[in-house]
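Trainee: File entry-v8.csv below, CSV, C-alpha atoms:
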chain,number,residue,atom,x,y,z
A,1,MET,CA,184.2,87.3,16.2
A,2,LEU,CA,185.9,86.9,19.6
A,3,THR,CA,183.9,89.8,21.0
A,4,PHE,CA,180.7,88.2,19.7
A,5,PHE,CA,181.4,84.9,21.6
A,6,ARG,CA,182.3,86.8,24.7
A,7,ASN,CA,179.0,88.7,24.6
A,8,ILE,CA,177.1,85.4,24.1
A,9,THR,CA,178.9,83.8,27.0
A,10,ARG,CA,178.2,86.8,29.3
A,11,SER,CA,174.5,86.7,28.3
A,12,PHE,CA,174.3,82.9,28.9
A,13,VAL,CA,176.0,83.2,32.4
A,14,SER,CA,173.7,86.2,33.3
A,15,ILE,CA,170.6,84.1,32.3
A,16,LEU,CA,171.8,81.2,34.5
A,17,ASN,CA,172.4,83.6,37.3
A,18,LEU,CA,168.9,85.0,36.9
A,19,ILE,CA,167.4,81.5,36.9
A,20,ALA,CA,169.4,80.6,40.1
A,21,LEU,CA,168.1,83.8,41.8
A,22,LEU,CA,164.5,83.0,40.8
A,23,LEU,CA,164.7,79.4,42.0
A,24,ILE,CA,166.2,80.2,45.4
A,25,GLY,CA,163.5,82.9,45.7
A,26,LEU,CA,160.8,80.2,45.1
A,27,ALA,CA,162.5,77.9,47.6
A,28,TYR,CA,162.4,80.7,50.2
A,29,LEU,CA,158.8,81.3,49.3
A,30,SER,CA,158.0,77.6,49.9
A,31,VAL,CA,158.6,78.0,53.6
A,32,TYR,CA,155.9,80.7,54.0
A,33,VAL,CA,153.3,79.7,51.4
A,34,SER,CA,151.2,76.6,52.0
A,35,PRO,CA,151.3,73.9,49.3
A,36,GLU,CA,147.5,74.1,49.3
A,37,HIS,CA,147.9,77.2,47.3
A,38,ILE,CA,151.1,76.7,45.3
A,39,GLY,CA,152.1,73.0,45.3
A,40,PHE,CA,155.0,72.9,42.9
A,41,VAL,CA,157.0,75.5,45.0
A,42,SER,CA,157.5,72.8,47.7
A,43,LEU,CA,159.4,70.7,45.3
A,44,ILE,CA,162.0,73.4,44.8
A,45,GLY,CA,162.6,73.5,48.6
A,46,PHE,CA,164.1,70.0,48.3
A,47,ILE,CA,166.9,71.3,46.1
A,48,PHE,CA,167.6,74.4,48.3
A,49,PRO,CA,171.2,73.4,49.2
A,50,VAL,CA,172.1,73.1,45.6
A,51,LEU,CA,170.5,76.4,44.8
A,52,TRP,CA,172.3,78.1,47.7
A,53,LEU,CA,175.7,76.8,46.6
A,54,ILE,CA,175.0,77.9,43.0
A,55,ASN,CA,174.3,81.4,44.1
A,56,LEU,CA,177.4,81.4,46.3
A,57,PHE,CA,179.3,80.5,43.2
A,58,PHE,CA,177.9,83.4,41.4
A,59,VAL,CA,178.9,85.7,44.2
A,60,ILE,CA,182.5,84.6,43.9
A,61,PHE,CA,182.3,84.6,40.1
A,62,TRP,CA,181.0,88.2,39.8
A,63,ILE,CA,183.4,89.5,42.5
A,64,PHE,CA,186.3,88.0,40.6
A,65,ARG,CA,185.0,89.6,37.4
A,66,LYS,CA,184.5,92.9,39.4
A,67,ARG,CA,180.9,93.2,38.5
A,68,LYS,CA,178.3,94.9,40.7
A,69,ARG,CA,175.7,92.3,39.9
A,70,ALA,CA,177.4,90.1,42.6
A,71,VAL,CA,175.3,92.0,45.1
A,72,PHE,CA,172.1,90.2,43.9
A,73,SER,CA,173.4,86.7,44.6
A,74,LEU,CA,175.1,87.9,47.8
A,75,LEU,CA,171.8,89.2,49.0
A,76,ALA,CA,170.1,85.9,48.1
A,77,VAL,CA,172.8,84.0,50.1
A,78,VAL,CA,172.6,86.3,53.1
A,79,VAL,CA,168.8,86.3,53.3
A,80,THR,CA,168.5,82.5,53.1
A,81,TRP,CA,171.4,81.9,55.4
A,82,TRP,CA,169.1,80.8,58.2
A,83,LEU,CA,167.7,78.1,56.0
A,84,TRP,CA,171.2,76.9,55.2
A,85,TRP,CA,172.0,76.8,58.9
A,86,ALA,CA,168.9,74.8,59.6
A,87,MET,CA,170.2,72.1,57.3
A,88,PHE,CA,174.0,72.3,58.1
A,89,PRO,CA,174.6,73.8,61.5
A,90,ILE,CA,178.1,73.8,63.1
A,91,ASN,CA,178.2,73.2,66.8
A,92,SER,CA,180.8,72.1,69.3
A,93,SER,CA,181.3,68.4,69.4
A,94,SER,CA,181.8,68.2,73.1
A,95,ASN,CA,179.2,66.3,75.1
A,96,ILE,CA,177.7,67.2,78.4
A,97,SER,CA,177.0,64.8,81.2
A,98,ARG,CA,173.5,64.3,82.8
A,99,LYS,CA,175.2,64.9,86.1
A,100,ASP,CA,175.9,68.5,85.1
A,101,LEU,CA,172.2,69.3,84.5
A,102,ASN,CA,169.6,70.3,86.9
A,103,ASN,CA,166.6,68.4,85.4
A,104,PRO,CA,167.8,66.3,82.5
A,105,LEU,CA,165.6,64.4,80.1
A,106,GLN,CA,166.9,62.1,77.3
A,107,VAL,CA,164.5,62.0,74.4
A,108,MET,CA,164.6,59.7,71.4
A,109,SER,CA,162.4,59.6,68.2
A,110,TYR,CA,162.5,56.6,65.9
A,111,ASN,CA,160.4,55.4,62.9
A,112,VAL,CA,160.9,51.7,63.3
A,113,ARG,CA,159.1,50.7,60.1
A,114,MET,CA,156.9,48.1,61.7
A,115,PHE,CA,159.9,46.5,63.3
A,116,ASP,CA,161.0,45.3,59.8
A,117,LYS,CA,157.9,43.1,59.5
A,118,TYR,CA,158.5,42.3,55.9
A,119,VAL,CA,162.3,41.8,56.3
A,120,TRP,CA,163.2,44.8,54.1
A,121,THR,CA,166.6,44.8,55.7
A,122,GLY,CA,167.2,41.2,54.6
A,123,ASP,CA,168.0,40.3,58.2
A,124,LYS,CA,165.4,38.4,60.2
A,125,GLY,CA,167.2,39.5,63.4
A,126,THR,CA,166.4,43.2,62.8
A,127,PRO,CA,163.5,43.4,65.3
A,128,GLN,CA,165.7,42.2,68.2
A,129,LYS,CA,168.5,44.5,67.1
A,130,ILE,CA,166.0,47.4,67.3
A,131,TYR,CA,165.0,46.4,70.8
A,132,ASP,CA,168.6,46.0,71.9
A,133,PHE,CA,169.6,49.3,70.5
A,134,ILE,CA,166.9,51.1,72.4
A,135,LYS,CA,167.8,49.3,75.6
A,136,GLN,CA,171.4,50.4,75.1
A,137,GLN,CA,170.5,54.0,74.4
A,138,ASN,CA,168.1,53.9,77.4
A,139,PRO,CA,166.2,57.2,76.8
A,140,ASP,CA,163.8,58.7,79.4
A,141,VAL,CA,161.1,59.3,76.7
A,142,LEU,CA,160.8,57.3,73.5
A,143,CYS,CA,158.6,58.2,70.6
A,144,LEU,CA,158.1,55.5,68.0
A,145,GLN,CA,156.4,55.8,64.6
A,146,GLU,CA,155.1,52.9,62.5
A,147,PHE,CA,154.5,50.9,65.7
A,148,TYR,CA,153.2,47.5,64.8
A,149,ILE,CA,151.4,44.7,66.5
A,150,ASN,CA,150.2,41.4,65.2
A,151,ASN,CA,148.6,39.2,67.8
A,152,LYS,CA,148.4,36.2,65.4
A,153,ASN,CA,152.2,36.2,65.1
A,154,PRO,CA,154.1,35.5,68.4
A,155,GLN,CA,157.1,37.5,67.3
A,156,TYR,CA,154.9,40.6,66.9
A,157,SER,CA,152.3,40.0,69.6
A,158,GLU,CA,151.5,42.9,71.9
A,159,ASN,CA,152.8,40.9,74.9
A,160,ASN,CA,156.1,40.1,73.2
A,161,ILE,CA,156.8,43.6,71.9
A,162,LEU,CA,155.8,45.4,75.1
A,163,SER,CA,158.0,43.0,77.0
A,164,GLN,CA,160.9,44.5,75.1
A,165,PHE,CA,160.2,47.9,76.6
A,166,LYS,CA,160.2,47.0,80.3
A,167,GLN,CA,162.6,49.8,81.2
A,168,PHE,CA,159.7,52.2,80.6
A,169,LYS,CA,157.1,52.2,83.4
A,170,TYR,CA,154.6,54.2,81.5
A,171,LYS,CA,153.3,54.0,77.9
A,172,HIS,CA,150.9,55.7,75.6
A,173,LEU,CA,149.8,53.5,72.6
A,174,GLU,CA,147.4,54.6,69.9
A,175,TYR,CA,146.4,52.7,66.8
A,176,ASN,CA,145.0,54.3,63.7
A,177,ILE,CA,144.4,51.0,62.0
A,178,GLN,CA,143.2,47.8,63.7
A,179,THR,CA,142.2,44.7,61.6
A,180,LYS,CA,140.0,41.8,62.6
A,181,SER,CA,143.0,39.5,62.2
A,182,GLY,CA,144.7,41.2,65.2
A,183,LYS,CA,147.0,43.6,63.4
A,184,LYS,CA,147.5,47.1,64.8
A,185,TYR,CA,149.4,50.1,63.3
A,186,GLY,CA,150.1,53.3,65.1
A,187,LEU,CA,152.3,55.4,67.4
A,188,ALA,CA,153.8,54.7,70.8
A,189,THR,CA,155.3,57.0,73.4
A,190,PHE,CA,157.1,55.3,76.3
A,191,SER,CA,158.2,57.2,79.4
A,192,LYS,CA,160.1,56.5,82.6
A,193,TYR,CA,158.2,59.3,84.2
A,194,PRO,CA,154.4,59.4,85.0
A,195,ILE,CA,152.0,60.0,82.2
A,196,THR,CA,149.2,62.2,83.5
A,197,ASN,CA,147.1,62.7,80.4
A,198,GLN,CA,147.0,61.4,76.8
A,199,LYS,CA,145.0,61.6,73.6
A,200,PRO,CA,145.2,61.1,69.8
A,201,LEU,CA,145.2,64.0,67.3
A,202,LEU,CA,143.4,62.8,64.2
A,203,PHE,CA,143.6,64.2,60.7
A,204,GLU,CA,141.0,64.1,58.0
A,205,ASN,CA,141.1,61.8,55.0
A,206,THR,CA,144.3,60.0,56.0
A,207,THR,CA,145.6,57.2,58.2
A,208,ASN,CA,148.4,59.3,59.5
A,209,PHE,CA,148.0,61.0,62.9
A,210,SER,CA,149.7,62.3,66.0
A,211,ILE,CA,149.4,61.8,69.7
A,212,GLN,CA,150.0,64.1,72.7
A,213,THR,CA,151.2,62.9,76.0
A,214,ASP,CA,151.5,64.9,79.2
A,215,ILE,CA,154.4,63.7,81.3
A,216,GLU,CA,155.4,64.8,84.8
A,217,VAL,CA,159.2,65.0,85.1
A,218,ASN,CA,160.3,65.7,88.7
A,219,GLY,CA,157.4,68.0,89.4
A,220,GLN,CA,157.4,69.7,86.0
A,221,THR,CA,154.8,68.8,83.4
A,222,ILE,CA,155.6,68.7,79.7
A,223,ARG,CA,153.5,67.9,76.7
A,224,VAL,CA,155.1,65.5,74.2
A,225,PHE,CA,153.8,65.4,70.7
A,226,ASN,CA,154.6,62.3,68.7
A,227,ASN,CA,153.9,62.7,65.0
A,228,HIS,CA,153.9,60.7,61.8
A,229,LEU,CA,152.9,63.1,58.9
A,230,GLU,CA,151.8,62.2,55.5
A,231,SER,CA,154.2,60.1,53.4
A,232,ILE,CA,154.6,60.3,49.7
A,233,ARG,CA,153.4,56.7,49.4
A,234,LEU,CA,155.6,55.7,46.5
A,235,LYS,CA,155.0,52.2,45.3
A,236,ARG,CA,157.4,49.6,44.1
A,237,GLU,CA,157.0,50.7,40.5
A,238,ASN,CA,157.9,54.3,41.4
A,239,TYR,CA,161.2,53.2,43.0
A,240,ASN,CA,161.8,50.9,40.0
A,241,PHE,CA,161.3,53.9,37.7
A,242,ILE,CA,163.8,56.0,39.7
A,243,ASP,CA,166.4,53.2,39.7
A,244,SER,CA,166.1,52.6,35.9
A,245,ILE,CA,165.2,56.0,34.5
A,246,GLU,CA,168.1,56.0,32.2
A,247,PHE,CA,166.8,53.0,30.4
A,248,LYS,CA,163.3,54.4,29.8
A,249,ASN,CA,162.0,56.0,26.6
A,250,GLU,CA,160.7,59.5,26.5
A,251,ARG,CA,157.1,58.5,27.1
A,252,GLU,CA,157.9,56.2,30.0
A,253,ARG,CA,160.0,59.0,31.6
A,254,ARG,CA,157.2,61.5,31.2
A,255,ASP,CA,154.5,59.2,32.6
A,256,GLY,CA,156.7,58.0,35.5
A,257,ALA,CA,157.7,61.5,36.5
A,258,TYR,CA,154.2,62.7,36.3
A,259,ASP,CA,152.9,59.9,38.6
A,260,ILE,CA,155.6,60.7,41.2
A,261,PHE,CA,154.8,64.5,40.9
A,262,LYS,CA,151.1,63.8,41.6
A,263,LYS,CA,151.9,61.8,44.7
A,264,LEU,CA,154.4,64.5,45.9
A,265,ASN,CA,151.9,67.3,45.4
A,266,LYS,CA,149.1,65.4,47.2
A,267,ALA,CA,151.5,64.6,50.1
A,268,PHE,CA,152.7,68.2,50.3
A,269,THR,CA,149.1,69.5,50.6
A,270,GLN,CA,148.0,66.9,53.2
A,271,ARG,CA,151.1,67.5,55.3
A,272,ALA,CA,150.5,71.3,55.3
A,273,MET,CA,147.0,70.8,56.7
A,274,GLN,CA,148.4,68.3,59.3
A,275,ALA,CA,151.1,70.8,60.3
A,276,GLN,CA,148.5,73.5,60.8
A,277,THR,CA,146.5,71.2,63.1
A,278,ILE,CA,149.6,70.3,65.2
A,279,GLY,CA,150.8,73.9,65.3
A,280,ARG,CA,147.4,74.9,66.9
A,281,HIS,CA,147.7,72.2,69.5
A,282,ILE,CA,151.2,73.2,70.4
A,283,LYS,CA,150.3,76.9,70.6
A,284,ASN,CA,147.3,76.1,72.9
A,285,SER,CA,149.2,73.7,75.1
A,286,PRO,CA,149.2,74.7,78.8
A,287,TYR,CA,152.6,73.0,79.2
A,288,PRO,CA,155.9,73.4,77.5
A,289,ALA,CA,156.1,71.2,74.4
A,290,VAL,CA,158.5,68.6,73.1
A,291,VAL,CA,157.7,67.7,69.5
A,292,CYS,CA,159.1,64.5,68.0
A,293,GLY,CA,158.5,62.4,64.9
A,294,ASP,CA,158.7,61.7,61.2
A,295,PHE,CA,157.5,64.8,59.3
A,296,ASN,CA,158.4,63.5,55.8
A,297,ASP,CA,159.5,67.0,55.0
A,298,THR,CA,162.8,68.9,55.1
A,299,PRO,CA,163.7,72.1,57.1
A,300,VAL,CA,163.1,74.1,54.0
A,301,SER,CA,159.4,73.6,54.0
A,302,TYR,CA,156.1,75.1,55.1
A,303,VAL,CA,155.5,72.0,57.3
A,304,TYR,CA,158.8,72.5,59.3
A,305,ARG,CA,158.2,76.2,59.9
A,306,THR,CA,154.5,75.8,60.8
A,307,VAL,CA,155.2,73.0,63.4
A,308,ARG,CA,158.4,74.4,64.8
A,309,SER,CA,157.1,78.0,65.0
A,310,LYS,CA,158.9,79.4,68.1
A,311,LEU,CA,160.3,76.1,69.3
A,312,LYS,CA,163.9,75.2,69.1
A,313,ASP,CA,165.3,72.5,66.8
A,314,ALA,CA,167.5,70.2,68.8
A,315,PHE,CA,169.7,69.5,65.8
A,316,ILE,CA,170.4,73.2,65.2
A,317,GLU,CA,171.0,73.6,68.9
A,318,SER,CA,173.5,70.8,69.5
A,319,GLY,CA,173.9,68.9,66.2
A,320,SER,CA,176.3,69.3,63.3
A,321,GLY,CA,176.8,68.3,59.7
A,322,ILE,CA,174.2,67.0,57.3
A,323,GLY,CA,172.1,65.1,59.8
A,324,GLY,CA,170.1,63.2,57.2
A,325,THR,CA,167.6,60.8,58.8
A,326,TYR,CA,166.1,59.1,55.8
A,327,ASN,CA,167.7,55.8,55.0
A,328,GLY,CA,166.2,54.8,51.7
A,329,ASN,CA,166.4,55.1,47.9
A,330,LEU,CA,165.9,58.8,47.9
A,331,PRO,CA,168.6,61.4,49.0
A,332,PRO,CA,169.3,61.3,52.8
A,333,PHE,CA,167.1,64.3,53.8
A,334,ARG,CA,166.6,65.3,57.4
A,335,ILE,CA,162.9,64.5,57.8
A,336,ASP,CA,162.8,63.4,61.5
A,337,PHE,CA,162.9,66.1,64.1
A,338,ILE,CA,163.0,66.9,67.8
A,339,PHE,CA,161.7,70.3,68.7
A,340,HIS,CA,161.4,71.7,72.2
A,341,ASP,CA,160.2,74.7,74.1
A,342,ALA,CA,162.5,77.7,74.0
A,343,GLN,CA,162.9,77.7,77.8
A,344,PHE,CA,164.7,74.3,77.6
A,345,GLU,CA,168.2,73.7,76.5
A,346,SER,CA,169.3,70.9,74.2
A,347,TYR,CA,172.6,69.0,74.3
A,348,ASN,CA,174.3,66.0,72.7
A,349,TYR,CA,172.0,65.7,69.7
A,350,ASN,CA,172.7,62.4,68.0
A,351,ARG,CA,171.7,60.5,64.9
A,352,GLU,CA,172.7,56.9,64.9
A,353,LYS,CA,173.3,55.4,61.4
A,354,LYS,CA,171.7,52.1,62.1
A,355,ASN,CA,170.5,50.2,59.1
A,356,LEU,CA,167.5,48.7,60.9
A,357,SER,CA,164.7,50.8,59.3
A,358,ASP,CA,164.3,53.3,56.5
A,359,HIS,CA,164.8,56.0,59.1
A,360,TYR,CA,167.7,56.7,61.5
A,361,PRO,CA,166.9,57.1,65.2
A,362,ILE,CA,167.6,60.6,66.7
A,363,SER,CA,168.0,61.6,70.3
A,364,THR,CA,168.9,64.6,72.4
A,365,LEU,CA,169.5,65.5,76.1
A,366,LEU,CA,167.2,68.2,77.3
A,367,GLU,CA,167.7,70.4,80.3
A,368,LEU,CA,164.2,71.2,81.5
A,369,SER,CA,165.2,73.6,84.2
A,370,PRO,CA,168.2,75.7,82.9
A,371,LYS,CA,170.0,77.8,85.5
A,372,ILE,CA,169.3,81.5,85.0
Kindly transcribe the structure held in the file into structure tokens.
Mentor:
Amino acid sequence: MLTFFRNITRSFVSILNLIALLLIGLAYLSVYVSPEHIGFVSLIGFIFPVLWLINLFFVIFWIFRKRKRAVFSLLAVVVTWWLWWAMFPINSSSNISRKDLNNPLQVMSYNVRMFDKYVWTGDKGTPQKIYDFIKQQNPDVLCLQEFYINNKNPQYSENNILSQFKQFKYKHLEYNIQTKSGKKYGLATFSKYPITNQKPLLFENTTNFSIQTDIEVNGQTIRVFNNHLESIRLKRENYNFIDSIEFKNERERRDGAYDIFKKLNKAFTQRAMQAQTIGRHIKNSPYPAVVCGDFNDTPVSYVYRTVRSKLKDAFIESGSGIGGTYNGNLPPFRIDFIFHDAQFESYNYNREKKNLSDHYPISTLLELSPKI
């Protein structure tokens, strides 16, 4: 009888190991296969860290049991190590001074969530806190997503908001939505250095878009891409469902989960197409690129790999830890990024945990002219 139970246990553990291997394989596949073709695979990419740790557990478990099958989980862990490193890099915590660089450029990216227009934070002073924080950080180039103007409201009027960014001599503002009542929604790139060219990059069947801005920094021209890719567009009832799922009956759980899955799948597909468009523009750029923004996707995704391509990820280069940038009801995924041309060097990557938006601001110090 004891032998029977041991065999059942071994079989059960082996099946769990096989499932873990299959799932991590699908997560790896999600980086290379567009959600346009296999949508559900992108969902598995979200749980990659858990899958990686499970497979690492099986490596240790089978080695302890002196079983050769440990090699399969070991292979899975090794092959996907670069994805784990993209999510949890370990770098030196020492900072470098601008004075030590030849051609430094401080870059910041921040989804400001319409400057807390609807007082989501519960603090009416949040807009001014956002402005003050940016003034304190004092970046050379600032990329803002969910930039909001309302000329019927003095607090959000264009004159008032732009007056908060006087430290920047140059600006590139683009609005994808403009209403008759004077409301504007879009993207903004501010710069202390001259902007020599600018244009929007529009996507089909969506209000999300990107902008590209050519900036001349001490005689060197770079092309900055400021992006806000497709969001999941969860509504209040979706968040309510997530918060109270344990109190739902079986039918409510099924319907609620299906509604969220449909929105996720649609967003995955649209982001994939948007990423392809941005990737082409980056590839065809005559100038070295700096890519910022809210991608609404994680490093284990087709979107991340497609946009980043041969660029460096500032977080991987000089960041450390989890680095989550989403500040909301869902897990703290890293969905905001700063990429840069491989010829540049990145230092002092920083994520400030400011509860002023549903995103945390990120910044990095770039060296545009590294010494050879």
Trainee: Hey, which of A:Asn111, A:Thr80, A:Ser210, A:Ser320 ends up closest to Asp336 of chain A? Count all atoms listed in the file.
Mentor: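 Under the stated criterion, the closest residue is A:Asn111.
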Trainee: When distances are computed from all atoms listed in the file, which of A:Lys184, A:Phe165, A:Glu352, A:Pro139 shows the smallest separation from Arg98 of chain A?
Mentor: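 Result for the nearest residue to Arg98 of chain A: A:Pro139.
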Trainee: Using only C-alpha atoms, find the one residue out of A:Val79, A:Leu18, A:Leu366, A:Leu264 that sits nearest to Leu105 of chain A.
Mentor: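 Answer, going by the shortest atom-to-atom distance: A:Leu366.
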Trainee: Quick one: of A:Leu23, A:Val107, A:Ile322, A:Ala267, who's nearest to His340 of chain A, counting only C-alpha atoms?
Mentor: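 Comparing A:Leu23, A:Val107, A:Ile322, A:Ala267 against His340 of chain A, the winner is A:Val107.
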Trainee: Could you please determine the separation between atom CA of Ser301 of chain A and atom CA of Ala27 of chain A in Å, to one decimal place?
Mentor: 8.3 Å
Trainee: What lies within 12 Å of segment 86-89 of chain A using all atoms listed in the file, ignoring chain neighbours under 5 positions off, as a count of residues only?
Mentor: 36
Trainee: Closest to Val13 of chain A among A:Val41, A:Ile54, A:Leu144, A:Ala272, using all atoms listed in the file?
Mentor: A:Ile54
Trainee: Determine, counting only C-alpha atoms, which protein, DNA and RNA residues have an atom within 12 Å of an atom of Pro370 of chain A; residues of the same chain fewer than 4 positions away are not included. Present the result as a ChimeraX atom specification.
Mentor: /A:100-105,341-347,366
Trainee: So, counting all atoms listed in the file, which residue among A:Val112, A:Ile211, A:Leu56, A:Ile96 is closest to Ala70 of chain A?
Mentor: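 Of the candidates, the smallest distance to Ala70 of chain A is held by A:Leu56.
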Trainee: Within 12 Å of (166.8, 81.7, 40.5), in the coordinates the file gives, what residues turn up when you count only C-alpha atoms, written out as a ChimeraX atom specification?
Mentor: /A:14-29,44,47-48,50-55,58,72-73,76-77
Trainee: Between atom CA of Tyr170 of chain A and atom CA of Ser191 of chain A, what is the spacing in Å?
Mentor: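 Calculated distance between atom CA of Ser191 of chain A and atom CA of Tyr170 of chain A is 5.1 Å.
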Trainee: Provide the atom CA of Gln136 of chain A to atom CA of Gly328 of chain A distance in Å, to one decimal place.
Mentor: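 Atom-to-atom, atom CA of Gln136 of chain A to atom CA of Gly328 of chain A, that is 24.4 Å.
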Trainee: Could you pull the residues within 10 Å of Gln274 of chain A, counting all atoms listed in the file, minus those fewer than 5 positions along the same chain, as a PyMOL selection string?
Mentor: chain A and resi 201-204+206+208-210+227-230+268-269+279+295+303+306-307
Trainee: List the neighbours of Val141 of chain A out to 10 Å using only C-alpha atoms; skip same-chain residues closer than 5 positions along the sequence, and give me the result as a list in words.
Mentor: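 Within the cut-off, the hits are Leu105, Gln106, Val107, Met108, Ser109, Phe168, Tyr170, Lys171, Thr189, Phe190, Ser191, Lys192, Tyr193, Ile215, Val224 and Ser363 of chain A.
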Trainee: Excluding same-chain residues fewer than 2 positions from Asp132 of chain A, what lies within 12 Å of it counting only C-alpha atoms, as a ChimeraX atom specification?
Mentor: /A:125-130,134-138,164-167,354,356
